[in-house]
Amino acid sequence: MKKNLNKKFIKIENFISKIDCMKIIKEIDKFKKYDDFVMSGRKRINKGSKNFKDFLRASKTSSSFFKKINNIKFYNRIKSKILDQNTQSWRNEIKNIKFSKSVFGSQKGKKITQNKTNIRKNILYLDLDFSVSEKGYFRGPHRDRDSRVVNFLIYLNELKSVDGGILHFYKTKKKINYSYPRFPNKKDVSVSDKIISKRGTGAFFLSAPDSYHSVSRFYGKVNKKRYFIYGSYSLNKPVKWFKNSLN
């Protein structure tokens, strides 16, 4: 079987059961408290906030899911799946990892984490938010922050193509001065793959220097809201990436 070297992600259907997806949506709607409103239409409950802690205490299914993935064992499982697919052209060399269940990322400014950490150590942690986007939400082509190792997005509800809110992955048309800016010029990238929201599906990808992705504008013509979980396994400092010699 020929492996596809152009894919920048792995897609896992039924990553969360449809029943649990509906339970998490109900828990989000019942809680009705958010930490911020970003990207022209996205409301988030962010790990590390008082809201997040209160939400997990009040939300059995969401709390169970969070505990399931907030550990090094799950990170290793997902990373091995990505690498086993031979989908990536980049690698990192993070050795002697110490996993922290309490460290979380900063949501503002250039600061990487909200916690003081010893940057001589490789401290890995899970960042995560429960999100609801409404009409107007979109995100242009970008790559995530330099501290992220593996990114993921998990869909909680089903959308139609006319709703928008489609996740796009990009390939670079040319090498961008080897620096790969966070927000590329649109003429330097082109869409390689896309994922339409399907209940319970998870998309996972390495947060490499050219892991550009975007979300098309959400119109909400059939489904008024887009429920999802966005997360990453991140390092307490910038990740050093190397070009895979096999690609």
# chains A, B, ... in the order shown; residues from 1 in each chain; ligands from 1
>>> residues_around(residues="range 25-29 of chain A", least_positions_apart="4", cutoff="12 Å", atoms="only C-alpha atoms", output="PyMOL selection string")
chain A and resi 18-21+33-34+43-45+51-52+54-63+129-132+155-158+199-200+225-229
>>> residues_around(residues="Pro209 in chain A", least_positions_apart="6", cutoff="10 Å", atoms="only C-alpha atoms", output="NGL selection string")
:A and (90 or 143-146 or 178-182 or 239-243)
>>> closest_residue(among="A:Asp163, A:Asp127, A:Asp84, A:Asp36", to="Tyr230 in chain A", atoms="only C-alpha atoms")
A:Asp127
>>> residues_around(residues="range 150-154 of chain A", least_positions_apart="5", cutoff="7 Å", atoms="only C-alpha atoms", output="MDAnalysis selection string")
chainID A and resid 200:207 228:233
>>> closest_residue(among="A:Ala208, A:Met39, A:Val149, A:Ile12", to="Gly136 in chain A", atoms="only C-alpha atoms")
A:Met39
>>> closest_residue(among="A:Ser64, A:Lys171, A:Phe183, A:Leu83", to="Ile24 in chain A", atoms="only C-alpha atoms")
A:Ser64
>>> select_by_dssp(residues="range 106-227 of chain A", states="strand (DSSP E)", output="ChimeraX atom specification")
/A:122-133,139-142,148-155,167-172,189-195,202-206,213-215,226-227
>>> atom_distance(atom1="CA of Asp193 in chain A", atom2="CA of Lys8 in chain A")
8.3 Å
>>> select_by_dssp(residues="range 1-232 of chain A", states="alpha helix (DSSP H)", output="JSON, numbers by chain")
{"A": [18, 19, 20, 21, 22, 23, 24, 25, 26, 27, 28, 29, 30, 31, 50, 51, 52, 53, 54, 55, 56, 57, 58, 60, 61, 62, 63, 64, 65, 66, 67, 68, 69, 72, 73, 74, 75, 76, 77, 78, 79, 80, 81, 82, 83, 84]}
>>> write_last_selection(atoms="N, CA and C atoms", output="short mmCIF file (atom, residue, chain, number, x, y, z; two decimals), in the first residue's frame")
data_model
loop_
_atom_site.label_atom_id
_atom_site.label_comp_id
_atom_site.auth_asym_id
_atom_site.auth_seq_id
_atom_site.Cartn_x
_atom_site.Cartn_y
_atom_site.Cartn_z
N LYS A 18 -20.75 9.45 19.51
CA LYS A 18 -21.76 10.45 19.21
C LYS A 18 -22.57 10.80 20.46
N ILE A 19 -22.79 9.81 21.30
CA ILE A 19 -23.54 10.06 22.55
C ILE A 19 -22.75 11.01 23.45
N ASP A 20 -21.44 10.76 23.59
CA ASP A 20 -20.62 11.64 24.43
C ASP A 20 -20.51 13.04 23.83
N CYS A 21 -20.46 13.13 22.50
CA CYS A 21 -20.45 14.44 21.86
C CYS A 21 -21.68 15.25 22.25
N MET A 22 -22.83 14.61 22.18
CA MET A 22 -24.08 15.30 22.52
C MET A 22 -24.11 15.69 24.00
N LYS A 23 -23.54 14.84 24.85
CA LYS A 23 -23.48 15.15 26.28
C LYS A 23 -22.59 16.36 26.54
N ILE A 24 -21.44 16.42 25.85
CA ILE A 24 -20.53 17.54 26.03
C ILE A 24 -21.17 18.84 25.54
N ILE A 25 -21.87 18.78 24.42
CA ILE A 25 -22.58 19.97 23.91
C ILE A 25 -23.60 20.46 24.95
N LYS A 26 -24.34 19.54 25.52
CA LYS A 26 -25.33 19.92 26.54
C LYS A 26 -24.64 20.54 27.76
N GLU A 27 -23.47 20.00 28.11
CA GLU A 27 -22.73 20.54 29.27
C GLU A 27 -22.23 21.96 28.98
N ILE A 28 -21.77 22.20 27.77
CA ILE A 28 -21.32 23.55 27.38
C ILE A 28 -22.49 24.52 27.41
N ASP A 29 -23.62 24.12 26.82
CA ASP A 29 -24.80 25.00 26.77
C ASP A 29 -25.35 25.29 28.16
N LYS A 30 -25.28 24.29 29.02
CA LYS A 30 -25.79 24.46 30.38
C LYS A 30 -24.89 25.40 31.19
N PHE A 31 -23.58 25.31 30.96
CA PHE A 31 -22.63 26.12 31.73
C PHE A 31 -22.74 27.60 31.38
N LYS A 50 -10.53 29.87 35.90
CA LYS A 50 -11.50 29.47 36.92
C LYS A 50 -12.72 28.86 36.25
N ASN A 51 -13.15 29.44 35.13
CA ASN A 51 -14.28 28.89 34.38
C ASN A 51 -14.04 27.44 33.99
N PHE A 52 -12.83 27.15 33.52
CA PHE A 52 -12.49 25.80 33.07
C PHE A 52 -12.63 24.81 34.23
N LYS A 53 -12.09 25.18 35.37
CA LYS A 53 -12.17 24.31 36.55
C LYS A 53 -13.62 24.11 36.98
N ASP A 54 -14.38 25.20 36.99
CA ASP A 54 -15.79 25.10 37.37
C ASP A 54 -16.57 24.26 36.36
N PHE A 55 -16.24 24.41 35.09
CA PHE A 55 -16.90 23.66 34.04
C PHE A 55 -16.66 22.16 34.21
N LEU A 56 -15.43 21.77 34.45
CA LEU A 56 -15.12 20.34 34.62
C LEU A 56 -15.80 19.77 35.86
N ARG A 57 -15.86 20.56 36.92
CA ARG A 57 -16.52 20.09 38.15
C ARG A 57 -18.01 19.83 37.90
N ALA A 58 -18.60 20.61 37.01
CA ALA A 58 -20.04 20.51 36.76
C ALA A 58 -20.37 19.61 35.57
N LYS A 60 -19.60 16.03 33.87
CA LYS A 60 -19.05 14.69 34.02
C LYS A 60 -18.36 14.17 32.76
N THR A 61 -19.01 14.27 31.62
CA THR A 61 -18.46 13.72 30.38
C THR A 61 -17.24 14.51 29.91
N SER A 62 -17.30 15.83 29.97
CA SER A 62 -16.17 16.67 29.58
C SER A 62 -14.97 16.42 30.49
N SER A 63 -15.23 16.28 31.79
CA SER A 63 -14.16 16.01 32.75
C SER A 63 -13.50 14.67 32.48
N SER A 64 -14.30 13.66 32.19
CA SER A 64 -13.79 12.33 31.90
C SER A 64 -12.90 12.34 30.65
N PHE A 65 -13.34 13.06 29.62
CA PHE A 65 -12.56 13.16 28.39
C PHE A 65 -11.23 13.86 28.66
N PHE A 66 -11.27 14.96 29.41
CA PHE A 66 -10.06 15.71 29.72
C PHE A 66 -9.05 14.83 30.46
N LYS A 67 -9.49 14.08 31.44
CA LYS A 67 -8.59 13.20 32.19
C LYS A 67 -7.99 12.13 31.30
N LYS A 68 -8.76 11.67 30.34
CA LYS A 68 -8.30 10.61 29.43
C LYS A 68 -7.11 11.05 28.60
N ILE A 69 -7.09 12.32 28.18
CA ILE A 69 -6.03 12.77 27.27
C ILE A 69 -4.94 13.60 27.96
N ILE A 72 0.98 11.68 29.49
CA ILE A 72 2.03 11.38 28.52
C ILE A 72 1.71 10.14 27.69
N LYS A 73 1.00 9.19 28.28
CA LYS A 73 0.66 7.97 27.57
C LYS A 73 -0.18 8.27 26.34
N PHE A 74 -1.16 9.15 26.49
CA PHE A 74 -2.02 9.47 25.36
C PHE A 74 -1.25 10.27 24.31
N TYR A 75 -0.39 11.18 24.75
CA TYR A 75 0.43 11.93 23.81
C TYR A 75 1.29 10.99 22.97
N ASN A 76 1.94 10.03 23.60
CA ASN A 76 2.79 9.09 22.87
C ASN A 76 1.98 8.25 21.88
N ARG A 77 0.76 7.91 22.27
CA ARG A 77 -0.10 7.13 21.38
C ARG A 77 -0.44 7.91 20.13
N ILE A 78 -0.82 9.17 20.29
CA ILE A 78 -1.20 10.00 19.15
C ILE A 78 0.02 10.31 18.28
N LYS A 79 1.13 10.67 18.90
CA LYS A 79 2.32 11.00 18.12
C LYS A 79 2.79 9.80 17.30
N SER A 80 2.74 8.61 17.89
CA SER A 80 3.17 7.42 17.16
C SER A 80 2.24 7.14 15.97
N LYS A 81 0.94 7.42 16.15
CA LYS A 81 0.01 7.24 15.04
C LYS A 81 0.35 8.17 13.88
N ILE A 82 0.69 9.41 14.20
CA ILE A 82 1.03 10.38 13.16
C ILE A 82 2.30 9.94 12.43
N LEU A 83 3.31 9.54 13.19
CA LEU A 83 4.57 9.14 12.58
C LEU A 83 4.45 7.83 11.84
N ASP A 84 3.64 6.90 12.36
CA ASP A 84 3.44 5.62 11.68
C ASP A 84 2.79 5.80 10.32
#
>>> atom_distance(atom1="CA of Ile97 in chain A", atom2="CA of Ile123 in chain A")
6.0 Å
>>> residues_around(residues="Asp188 in chain A", least_positions_apart="2", cutoff="6 Å", atoms="only C-alpha atoms", output="MDAnalysis selection string")
chainID A and resid 172:173 185:186
>>> write_last_selection(atoms="N, CA and C atoms", output="tab-separated table (two decimals), in the first residue's frame")
chain	number	residue	atom	x	y	z
A	172	THR	N	2.96	24.46	0.89
A	172	THR	CA	3.65	25.67	0.47
A	172	THR	C	4.04	25.54	-0.99
A	173	LYS	N	3.84	26.60	-1.74
A	173	LYS	CA	4.17	26.59	-3.16
A	173	LYS	C	5.67	26.72	-3.37
A	185	ASN	N	1.87	34.65	3.36
A	185	ASN	CA	1.21	35.34	2.27
A	185	ASN	C	0.37	34.33	1.51
A	186	LYS	N	-0.86	34.66	1.20
A	186	LYS	CA	-1.76	33.70	0.55
A	186	LYS	C	-1.22	33.18	-0.78
>>> residues_around(residues="Thr113 in chain A", least_positions_apart="3", cutoff="9 Å", atoms="only C-alpha atoms", output="PyMOL selection string")
chain A and resi 103-107+116-117+236-237
>>> closest_residue(among="A:Lys194, A:Phe138, A:Ser147, A:Ile94", to="Tyr219 in chain A", atoms="only C-alpha atoms")
A:Phe138
